[in-house]
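Only one structure is covered here, and it is reproduced in the block below.
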Amino acid sequence: MRKWTGFGLVAAVMALSLGLAACGQSASSAKPTQELRLPATAQLDTIDLAKATGYGQTGNVFEGFYRLGKNGQVAPGLADKVQESKDQKTWTFHIRDNAKWSNGDKITAQDFVYSWRRTLTPATKSSYTNMFSGIKNGDKIIAGKADPSTIGIHAKNQQTVVVKLDRPIAYFKILMAYPLFAPQNQKVIDKYGKKYATKSEYMVYSGPFKITNWSGTGNTWSFVKNNQYWDKNVVKLQKIKYQVVTNPQTGLSLYQNNKLDFANLTNEQVKNYKNDKAFKEYPYSIVIHLKYNFQDANKEKRRIMNNQNIRQAIALSINRSQLTKKVLGDGSVTPTGFVASGLAKDPKTGEDFAKQQTVKNSTTYNPTLARKKWAQGLKQLGIKKVDLSIMAGNDDAAASTVTQYLKGALEKNLKGFDLKIQNVPASVAQSRATSGDFDLYLSHWGADFNDPISFLQIPVSSNSLNYGKWSNKQYDQLIDKAQNQDAGQPEVRWQDMVKAAKMLNQTQSFTPLYQANYAYLQRNTAKGIIHNTAGTQWSYKYAYIK
């Protein structure tokens with residue numbers, strides 16, 4: 001799952017990456033047609049593995065050493081044998097004898113080497129290079145201080161890949177299940193040149209499915225079974241058809257008229273269908289939160305944003321239970337901090353990280369304490385009024401609902417607070433966020449893999465995705481320890497991350513609002529679909545129509 005930094009991208013990426021469906025009976029057979037008809041809220045932007053900005057659905061067409069199975073667990077992929085060195089810094093993968101590309105070419109160790117180097121090459125303009133951090137020379141390459149050819153991967157022979165790490169990576173196996181690290185076919189890329197990945201036929205696939213009828217634009221495309229896939233015998237679906245549906249009401253109508261087998265519900269629609277037998281809720285490791293601009297171009301606003309009492313007052317003025325249950329009403333839940341619940345468990349006790357990051361009076365509703373903190377903050381600043389703007393992407397109906405709620409709650413509880421709403425297109429919000437052109441930003445983050453660090457790396461001072469430029473040396477040191485010094489000691493590393501998460505709560509450098517949950521109408525004839533809260537959310541490898 002890519003890091004969604006503009007609020008409006010959530011719905012687009014989710015609906016694009018999802019899809020559950022069913023079909024009717026074949027006219028000539030009692031067996032149901034193995035075809036799913038799915039909605040998407042946006043066109044596919046690219047099918048180039050190295051240039052993708054999201055991998056919600058591409059785990060079904062691209063596969064690496066591993067793939068993501070049920071409950072976020074690693075499952076076998078293109079590698080049939082794996083060896084890990086005692087120091088946890090050398091991994092050896094043996095590629096299956098029957099691993100083939102969709103065009104029949106043999107998948108080789110060199111395809112993995114080429115893939116990683118191509119993704120890391122600056123000219124490729126990959127937005128995912130930071131994911132290679134910790135792999136030998138990865139950090140140097142990301143920083144532009146080493147050549148991509150020095151990344152810690154080499155082909156020992158045609159079927160053996162050796163990966164070397166700078167340090168142990170606790171979540172390495174899960175990382176290798178991410179489609180970003182899948183192989184790429186150099187022969188095909190060289191053959192098609194500039195045409196490569198511009199159409200579905202100018203691409204080869206390593207996963208259970210391959211893409212057809214995609215021309216770079218257009219509102220329809222399909223996944224069809226890849227008969228060259230090494231595990232093709234377990235793949236039951238013959239086709240997954242996608243259709244862009246930008247209006248939720250249109251999507252619901254298509255579902256009701258049996259034109260689609262899956263409908264993404266808005267907050268209002270949830271209220272009408274939550275008792276329907278077809279109603280389904282799926283949680284995601286996505287936390288919607290407020291980003292503060294600690295380097296605001298306006299000096300006075302910058303002073304306000306950097307005042308901890310002001311930030312704490314804002315956090316304490318938000319009734320998250322009311323927001324999730326009454327305002328949104330879509331099954332979204334109240335967060336305990338910046339890291340999503342259900343993402344990772346303590347390696348020693350099995351307790352959810354989200355429970356351990358809890359800090360009293362940080363994400364709870366306490367208007368009395370909020371007013372006290374507010375008064376203290378205003379006194380420290382020597383002001384009586386605060387004028388700020390909140391920016392959000394307007395392509396998601398929930399964004400407007402949430403900003404309106406925040407305006408009402410904050411202005412009611414905090415005397416002298418005037419909050420102006422700036423709902424802009426998601427692309428504009430993204431651009432402004434990147435350049436630091438905002439006061440408050442309604443943002444969100446989704447985990448790429450099931451480890452707290454997927455969230456906790458964002459507030460690090462040097463991270464380009466830390467748009468508000470919050471900076472804390474102690475926090476940076478804790479994350480550095482977790483990633484380096486304590487990387488090979490799971491329990492010690494865990495405590496580093498708990499301390500870091502508590503610091504975010506205590507300082508309210510980011511203010512969590514709610515953890516997203518998504519609601520759908522889904523026909524009950526679709527079986528065997530795997531859903532995960534992070535990474536590749538949906539897997540259709542074992543899906544079938546009953």
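Each chain of the structure tokens is named A, B, ... in the order shown, its residues numbered from 1; ligands are numbered from 1 in display order.
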Contacts of Asn60 in chain A at 10 Å or less, counting only C-alpha atoms, minus same-chain residues fewer than 5 places along, as a list in words?
Tyr55, Arg67, Pro179, Tyr205, Ser206, Gly207, Pro208, Phe209, Lys210, Ile211, Phe223, Lys225, Thr536, Trp538, Ser539, Tyr540 and Lys541 of chain A
Assign secondary structure with DSSP using the backbone only, and return the residues of range 205-372 of chain A in strand (DSSP E or B) as a tab-separated table (two decimals) with N, CA and C atoms, in the first residue's frame.
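The result, written out as selection-v5.tsv:
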chain	number	residue	atom	x	y	z
A	209	PHE	N	-2.38	-13.54	-12.33
A	209	PHE	CA	-3.17	-12.94	-13.40
A	209	PHE	C	-2.29	-12.03	-14.26
A	210	LYS	N	-2.83	-11.71	-15.43
A	210	LYS	CA	-2.18	-10.72	-16.29
A	210	LYS	C	-3.24	-9.71	-16.73
A	211	ILE	N	-2.81	-8.52	-17.09
A	211	ILE	CA	-3.74	-7.44	-17.45
A	211	ILE	C	-4.00	-7.47	-18.95
A	212	THR	N	-5.26	-7.26	-19.33
A	212	THR	CA	-5.62	-7.16	-20.75
A	212	THR	C	-6.53	-5.95	-20.94
A	220	THR	N	-12.13	0.93	-18.59
A	220	THR	CA	-12.30	-0.51	-18.38
A	220	THR	C	-10.99	-1.24	-18.66
A	221	TRP	N	-10.75	-2.32	-17.96
A	221	TRP	CA	-9.63	-3.22	-18.21
A	221	TRP	C	-9.93	-4.52	-17.48
A	222	SER	N	-9.13	-5.54	-17.72
A	222	SER	CA	-9.39	-6.83	-17.09
A	222	SER	C	-8.11	-7.49	-16.61
A	223	PHE	N	-8.28	-8.33	-15.61
A	223	PHE	CA	-7.25	-9.30	-15.23
A	223	PHE	C	-7.74	-10.65	-15.77
A	224	VAL	N	-6.87	-11.39	-16.40
A	224	VAL	CA	-7.23	-12.74	-16.84
A	224	VAL	C	-6.22	-13.72	-16.26
A	225	LYS	N	-6.62	-14.95	-16.12
A	225	LYS	CA	-5.74	-15.96	-15.54
A	225	LYS	C	-4.46	-16.09	-16.35
A	239	LYS	N	-11.41	-14.48	-15.14
A	239	LYS	CA	-11.34	-13.05	-15.49
A	239	LYS	C	-11.85	-12.19	-14.34
A	240	ILE	N	-11.22	-11.02	-14.19
A	240	ILE	CA	-11.69	-9.99	-13.27
A	240	ILE	C	-11.85	-8.72	-14.10
A	241	LYS	N	-13.07	-8.25	-14.25
A	241	LYS	CA	-13.35	-7.08	-15.09
A	241	LYS	C	-13.49	-5.83	-14.22
A	242	TYR	N	-12.76	-4.78	-14.60
A	242	TYR	CA	-12.82	-3.51	-13.88
A	242	TYR	C	-13.55	-2.45	-14.70
A	243	GLN	N	-14.35	-1.66	-14.01
A	243	GLN	CA	-15.06	-0.55	-14.65
A	243	GLN	C	-14.97	0.67	-13.74
A	244	VAL	N	-14.53	1.78	-14.28
A	244	VAL	CA	-14.43	3.00	-13.48
A	244	VAL	C	-15.81	3.54	-13.18
A	262	PHE	N	-20.07	-5.68	-6.80
A	262	PHE	CA	-19.45	-5.09	-5.62
A	262	PHE	C	-19.74	-3.60	-5.64
A	263	ALA	N	-20.11	-3.04	-4.49
A	263	ALA	CA	-20.41	-1.61	-4.41
A	263	ALA	C	-19.75	-0.99	-3.19
A	264	ASN	N	-19.01	0.07	-3.41
A	264	ASN	CA	-18.36	0.82	-2.34
A	264	ASN	C	-19.37	1.83	-1.79
A	279	PHE	N	-24.01	-6.57	3.24
A	279	PHE	CA	-23.15	-5.52	3.81
A	279	PHE	C	-21.88	-6.12	4.41
A	280	LYS	N	-20.75	-5.54	4.05
A	280	LYS	CA	-19.45	-5.99	4.56
A	280	LYS	C	-18.62	-4.78	4.98
A	281	GLU	N	-17.84	-4.97	6.04
A	281	GLU	CA	-16.90	-3.94	6.48
A	281	GLU	C	-15.49	-4.52	6.47
A	282	TYR	N	-14.55	-3.75	5.95
A	282	TYR	CA	-13.16	-4.19	5.91
A	282	TYR	C	-12.26	-3.12	6.53
A	283	PRO	N	-11.52	-3.49	7.55
A	283	PRO	CA	-10.63	-2.52	8.19
A	283	PRO	C	-9.33	-2.34	7.39
A	284	TYR	N	-8.72	-1.20	7.56
A	284	TYR	CA	-7.44	-0.91	6.91
A	284	TYR	C	-6.49	-0.26	7.91
A	285	SER	N	-5.23	-0.47	7.70
A	285	SER	CA	-4.23	0.18	8.56
A	285	SER	C	-3.96	1.59	8.05
A	286	ILE	N	-5.02	2.38	8.06
A	286	ILE	CA	-4.94	3.77	7.59
A	286	ILE	C	-5.42	4.68	8.72
A	287	VAL	N	-4.58	5.61	9.12
A	287	VAL	CA	-4.96	6.55	10.16
A	287	VAL	C	-5.07	7.95	9.57
A	288	ILE	N	-6.27	8.51	9.64
A	288	ILE	CA	-6.49	9.89	9.18
A	288	ILE	C	-6.07	10.79	10.33
A	289	HIS	N	-5.29	11.80	10.03
A	289	HIS	CA	-4.72	12.64	11.09
A	289	HIS	C	-4.50	14.07	10.61
A	290	LEU	N	-4.21	14.93	11.56
A	290	LEU	CA	-3.87	16.31	11.25
A	290	LEU	C	-2.36	16.46	11.22
A	291	LYS	N	-1.87	17.09	10.17
A	291	LYS	CA	-0.47	17.48	10.13
A	291	LYS	C	-0.40	18.98	10.42
A	292	TYR	N	0.54	19.36	11.27
A	292	TYR	CA	0.77	20.76	11.60
A	292	TYR	C	2.00	21.23	10.82
A	333	VAL	N	-12.86	3.50	13.40
A	333	VAL	CA	-12.65	3.40	14.85
A	333	VAL	C	-11.75	4.51	15.37
A	345	LYS	N	1.91	-7.03	16.69
A	345	LYS	CA	1.82	-7.45	18.08
A	345	LYS	C	3.20	-7.59	18.72
A	352	ASP	N	-1.26	-5.86	21.24
A	352	ASP	CA	-1.30	-4.95	20.10
A	352	ASP	C	-0.45	-3.70	20.39
Considering only C-alpha atoms, tabulate each residue of range 470-534 of chain A that lies at most 10 Å from range 310-324 of chain A along with its nearest interatomic pair and the corresponding distance in Å to one decimal; arrange the rows by chain and ascending residue number and present them as a Markdown table.
| residue | atom | partner | partner_atom | distance |
| --- | --- | --- | --- | --- |
| A:Asn505 | CA | A:Gln312 | CA | 9.2 |
| A:Gln506 | CA | A:Gln312 | CA | 8.2 |
| A:Thr507 | CA | A:Gln312 | CA | 7.3 |
| A:Gln508 | CA | A:Arg311 | CA | 6.0 |
| A:Ser509 | CA | A:Arg311 | CA | 7.6 |
| A:Phe510 | CA | A:Arg311 | CA | 8.8 |
| A:Thr511 | CA | A:Ala315 | CA | 6.1 |
| A:Pro512 | CA | A:Ala315 | CA | 8.0 |
| A:Leu513 | CA | A:Arg320 | CA | 6.4 |
| A:Tyr514 | CA | A:Arg320 | CA | 6.8 |
| A:Gln515 | CA | A:Thr324 | CA | 8.8 |
| A:Ala516 | CA | A:Thr324 | CA | 9.0 |
| A:Asn517 | CA | A:Thr324 | CA | 9.7 |
Which of range 93-305 of chain A counts as alpha helix (DSSP H) under DSSP, as a PyMOL selection string please?
chain A and resi 109-120+138-142+172-176+186-192+248-256+267-273+299-305
Residue neighbourhood Gln186 in chain A, 12 Å, only C-alpha atoms, exclusion window fewer than 5 positions, as a ChimeraX atom specification:
/A:101,105,107-118,191-193,196,203-204
So that I can see what lies close to Glu84 in chain A, please list as a ChimeraX atom specification the residues with an atom at most 12 Å from it, counting only C-alpha atoms and leaving out residues fewer than 3 positions away in the same chain.
/A:81,87-94,162-165,168-169,172-173
Name the residues in contact with range 406-408 of chain A at a cut-off of 12 Å, using only C-alpha atoms, excluding same-chain residues fewer than 2 positions from it; report them as a ChimeraX atom specification.
/A:289-290,314-320,322-323,327,387-392,399-404,410-415,417-422,440-442,513
